[in-house]
>>> print(open('input_4.txt').read())   # compact mmCIF, C-alpha atoms
# COMPACT_ATOMS: atom_id res chain seq x y z
CA MET A 360 -13.00 -16.72 5.12
CA HIS A 361 -11.17 -17.95 2.05
CA GLN A 362 -7.77 -16.37 1.54
CA ALA A 363 -4.57 -17.10 -0.29
CA GLN A 364 -1.20 -15.46 -0.59
CA MET A 365 1.51 -15.18 -3.18
CA LYS A 366 5.07 -13.97 -2.92
CA ILE A 367 6.42 -11.96 -5.85
CA ASN A 368 9.87 -10.58 -6.46
CA THR A 369 10.10 -6.93 -7.49
CA LYS A 370 12.81 -4.33 -7.98
CA ILE A 371 12.28 -3.33 -4.33
CA GLY A 372 12.37 -6.87 -2.96
CA ASP A 373 9.83 -9.55 -2.20
CA LEU A 374 6.20 -8.54 -1.70
CA PHE A 375 3.47 -10.70 -0.21
CA ILE A 376 0.00 -10.44 -1.73
CA ILE A 377 -2.98 -11.56 0.35
CA ALA A 378 -6.32 -11.96 -1.40
CA SER A 379 -9.83 -13.26 -0.99
CA PRO A 380 -11.68 -14.64 -4.03
CA ASN A 381 -12.86 -11.14 -5.03
CA THR A 382 -10.55 -8.60 -3.40
CA LEU A 383 -6.99 -7.70 -2.53
CA GLN A 384 -6.67 -7.60 1.27
CA GLY A 385 -2.98 -7.05 1.86
CA LEU A 386 0.32 -6.16 0.21
CA TYR A 387 3.31 -6.35 2.52
CA PHE A 388 7.08 -6.20 2.49
CA GLN A 389 8.96 -9.26 3.71
CA GLU A 390 10.16 -7.44 6.85
CA GLN A 391 6.66 -6.53 8.01
CA ASN A 392 5.02 -8.77 10.55
CA ILE A 393 2.19 -10.38 8.67
CA LEU A 394 0.21 -13.49 9.39
CA TYR A 395 1.35 -16.10 6.91
CA LEU A 396 -1.62 -18.09 5.72
CA GLN A 397 -1.79 -21.81 6.20
CA ASP A 398 -4.93 -22.25 4.10
CA GLN A 399 -4.32 -21.58 0.43
CA ASN A 400 -7.46 -21.29 -1.65
CA ASP A 401 -7.57 -21.73 -5.41
CA SER A 402 -10.61 -19.45 -5.68
CA CYS A 403 -8.26 -16.51 -4.96
CA ALA A 404 -5.92 -17.24 -7.88
CA GLU A 405 -7.43 -14.64 -10.23
CA ILE A 406 -7.01 -11.71 -7.80
CA LEU A 407 -3.46 -12.83 -6.94
CA LYS A 408 -2.58 -13.04 -10.65
CA LEU A 409 -4.17 -9.65 -11.43
CA THR A 410 -2.36 -7.99 -8.52
CA ALA A 411 1.01 -9.46 -9.58
CA GLN A 412 0.39 -8.34 -13.19
CA GLU A 413 -0.58 -4.78 -12.25
CA LEU A 414 2.40 -4.47 -9.90
CA ALA A 415 4.75 -5.68 -12.66
CA GLU A 416 3.27 -3.04 -14.98
CA TYR A 417 3.67 -0.37 -12.28
CA PHE A 418 7.34 -1.26 -11.74
CA ALA A 419 7.89 -1.30 -15.52
CA GLY A 420 6.53 2.26 -15.69
CA SER A 421 3.47 1.40 -17.78
CA ARG A 422 0.80 1.59 -15.04
CA ARG A 423 -0.14 4.61 -12.96
CA ASP A 424 -3.50 3.50 -11.56
CA PHE A 425 -4.51 0.16 -10.10
CA THR A 426 -7.86 -1.48 -10.88
CA ILE A 427 -7.76 -4.27 -8.29
CA PRO A 428 -10.79 -4.29 -5.97
CA LEU A 429 -9.61 -3.65 -2.39
CA GLU A 430 -11.00 -4.81 0.94
CA ILE A 431 -9.63 -3.37 4.14
CA THR A 432 -10.60 -5.57 7.05
CA GLY A 433 -8.62 -4.01 9.89
CA GLY A 434 -7.61 -0.70 11.38
CA THR A 435 -9.40 1.87 13.46
CA PRO A 436 -11.99 4.20 11.92
CA PHE A 437 -9.33 6.96 11.89
CA GLN A 438 -6.78 4.72 10.17
CA ARG A 439 -9.31 3.68 7.53
CA LYS A 440 -10.10 7.37 6.93
CA VAL A 441 -6.38 8.07 6.41
CA TRP A 442 -6.00 5.09 4.07
CA GLN A 443 -8.99 6.25 2.04
CA GLN A 444 -7.47 9.73 1.77
CA LEU A 445 -4.16 8.22 0.60
CA THR A 446 -5.91 6.81 -2.47
CA LYS A 447 -6.57 10.41 -3.59
CA ILE A 448 -2.86 11.28 -3.89
CA LYS A 449 -2.17 11.04 -7.60
CA TYR A 450 0.73 9.23 -9.23
CA GLY A 451 3.84 11.42 -9.24
CA GLU A 452 2.52 13.75 -6.52
CA THR A 453 3.30 13.95 -2.82
CA CYS A 454 1.74 15.58 0.21
CA SER A 455 2.96 16.23 3.73
CA TYR A 456 1.80 14.44 6.85
CA LYS A 457 0.26 17.76 7.93
CA ASP A 458 -1.61 18.09 4.62
CA LEU A 459 -2.96 14.59 5.10
CA ALA A 460 -3.98 15.32 8.71
CA THR A 461 -5.81 18.43 7.52
CA ALA A 462 -7.52 16.46 4.75
CA VAL A 463 -8.91 13.95 7.26
CA GLY A 464 -10.21 16.75 9.46
CA ASN A 465 -7.62 17.11 12.22
CA GLU A 466 -4.57 19.19 11.33
CA LYS A 467 -3.01 18.43 14.74
CA ALA A 468 -3.11 14.65 14.16
CA ILE A 469 0.20 14.56 12.29
CA ARG A 470 1.70 11.78 14.44
CA ALA A 471 -1.52 9.74 14.24
CA VAL A 472 -1.45 10.09 10.46
CA GLY A 473 2.16 8.86 10.46
CA THR A 474 1.16 5.87 12.58
CA ALA A 475 -1.77 5.11 10.26
CA ASN A 476 0.57 5.28 7.26
CA GLY A 477 2.89 2.78 8.92
CA LYS A 478 -0.01 0.36 9.39
CA ASN A 479 -1.31 0.62 5.83
CA PRO A 480 -2.27 -2.97 4.92
CA ILE A 481 -1.98 -2.50 1.15
CA SER A 482 1.38 -0.85 0.49
CA ILE A 483 2.06 0.78 -2.88
CA ILE A 484 -1.52 0.40 -4.14
CA ILE A 485 -2.73 2.55 -1.23
CA PRO A 486 0.18 4.94 -1.81
CA CYS A 487 1.49 5.84 1.64
CA HIS A 488 4.93 6.26 0.04
CA ARG A 489 3.64 9.55 -1.42
CA VAL A 490 3.47 11.18 2.03
CA ILE A 491 6.59 13.12 2.98
CA ALA A 492 7.64 15.49 5.74
CA ALA A 493 6.75 19.20 5.53
CA ASP A 494 10.44 20.02 4.94
CA LYS A 495 10.37 17.76 1.84
CA THR A 496 12.48 15.00 3.46
CA LEU A 497 11.16 11.47 3.12
CA GLY A 498 9.88 11.02 6.67
CA GLY A 499 9.32 7.34 7.49
CA TYR A 500 8.16 4.27 5.62
CA ALA A 501 7.23 0.78 6.81
CA GLY A 502 9.16 -0.69 3.89
CA GLY A 503 12.27 1.38 4.62
CA LEU A 504 13.43 4.72 3.26
CA ASN A 505 15.38 3.11 0.40
CA ARG A 506 12.18 1.58 -0.95
CA LYS A 507 10.27 4.83 -0.48
CA SER A 508 12.95 6.67 -2.43
CA VAL A 509 12.81 4.11 -5.27
CA LEU A 510 9.00 4.29 -5.44
CA LEU A 511 8.98 8.09 -5.53
CA GLY A 512 11.76 8.07 -8.14
CA LEU A 513 9.81 5.60 -10.28
CA GLU A 514 6.86 7.99 -10.31
CA GLN A 515 8.84 11.06 -11.40
>>> encode(input="input_4.txt", output="structure tokens")
Amino acid sequence: MHQAQMKINTKIGDLFIIASPNTLQGLYFQEQNILYLQDQNDSCAEILKLTAQELAEYFAGSRRDFTIPLEITGGTPFQRKVWQQLTKIKYGETCSYKDLATAVGNEKAIRAVGTANGKNPISIIIPCHRVIAADKTLGGYAGGLNRKSVLLGLEQ
């Protein structure tokens, strides 16, 4: 499989973009344990560039929706179902972990939904930062609560 990665600096710190020639496969914070690629492939340059451009527009406040084609290669069937549901949370909106559990068909799976959120391979673009606790507190976030707060603030 041909893959490449790029590190970009944003207002919330460094992000690592992982792409194949046709799809975005990962977007991670520096602190997350990701597999750093040894094989860089020039055929992935266009997706890396497009992802960096759309993220810059998002952080500048001029982009609400991403157009980058995504490919999720990992996760359990339940996690992939949660990640798919996350893409339905609109810019500027939030939902609770319980709402998300209900939306994927198991209202008692709140902890499992939280775990799936924490393992989201494409942060920001698959907007797990839009999921908050039922009491309206932030809950958790793989990138840290400061980043989650900044992202939610950006979207208000």
>>> atom_distance(input="input_4.txt", atom1="CA of Met365 (chain A)", atom2="CA of Thr446 (chain A)")
23.2 Å
>>> residues_around(input="input_4.txt", residues="Glu430 (chain A)", least_positions_apart="2", cutoff="7 Å", atoms="all atoms listed in the file", output="number ranges by chain")
A: 382-384, 428, 432
>>> atom_distance(input="input_4.txt", atom1="CA of Asp401 (chain A)", atom2="CA of Arg439 (chain A)")
28.6 Å
>>> closest_residue(input="input_4.txt", among="A:Asn368, A:Gln515, A:Asn465, A:Ser455", to="Tyr387 (chain A)", atoms="only C-alpha atoms")
A:Asn368
>>> residues_around(input="input_4.txt", residues="region 469-481 of chain A", least_positions_apart="2", cutoff="8 Å", atoms="only C-alpha atoms", output="PyMOL selection string")
chain A and resi 384-387+431+434+437-438+441-442+456-457+459-460+466-467+483-485+487+499-501
>>> closest_residue(input="input_4.txt", among="A:Cys454, A:Val463, A:Leu445, A:Ile427", to="Glu413 (chain A)", atoms="only C-alpha atoms")
A:Ile427
>>> atom_distance(input="input_4.txt", atom1="CA of Thr496 (chain A)", atom2="CA of Ile376 (chain A)")
28.8 Å
>>> closest_residue(input="input_4.txt", among="A:Gln389, A:Thr453, A:Leu513, A:Lys370", to="Ala415 (chain A)", atoms="all atoms listed in the file")
A:Lys370
>>> closest_residue(input="input_4.txt", among="A:Gln412, A:Arg422, A:Lys449, A:Leu429", to="Pro380 (chain A)", atoms="only C-alpha atoms")
A:Leu429
>>> closest_residue(input="input_4.txt", among="A:Leu504, A:Gly512, A:Asp458, A:Gly451", to="Pro486 (chain A)", atoms="all atoms listed in the file")
A:Gly451
>>> axis_aligned_box(input="input_4.txt", around="region 413-423 of chain A", padding_each_side="3 Å", output="lines of an AutoDock Vina configuration file")
center_x = 3.7
center_y = -0.5
center_z = -13.8
size_x = 14.5
size_y = 16.3
size_z = 13.9
>>> closest_residue(input="input_4.txt", among="A:Gln364, A:Thr461, A:Ser379, A:Thr369", to="Lys440 (chain A)", atoms="all atoms listed in the file")
A:Thr461
>>> residues_around(input="input_4.txt", residues="Lys366 (chain A)", least_positions_apart="5", cutoff="12 Å", atoms="all atoms listed in the file", output="PyMOL selection string")
chain A and resi 372-378+385-389+395-396+407-408+410-411
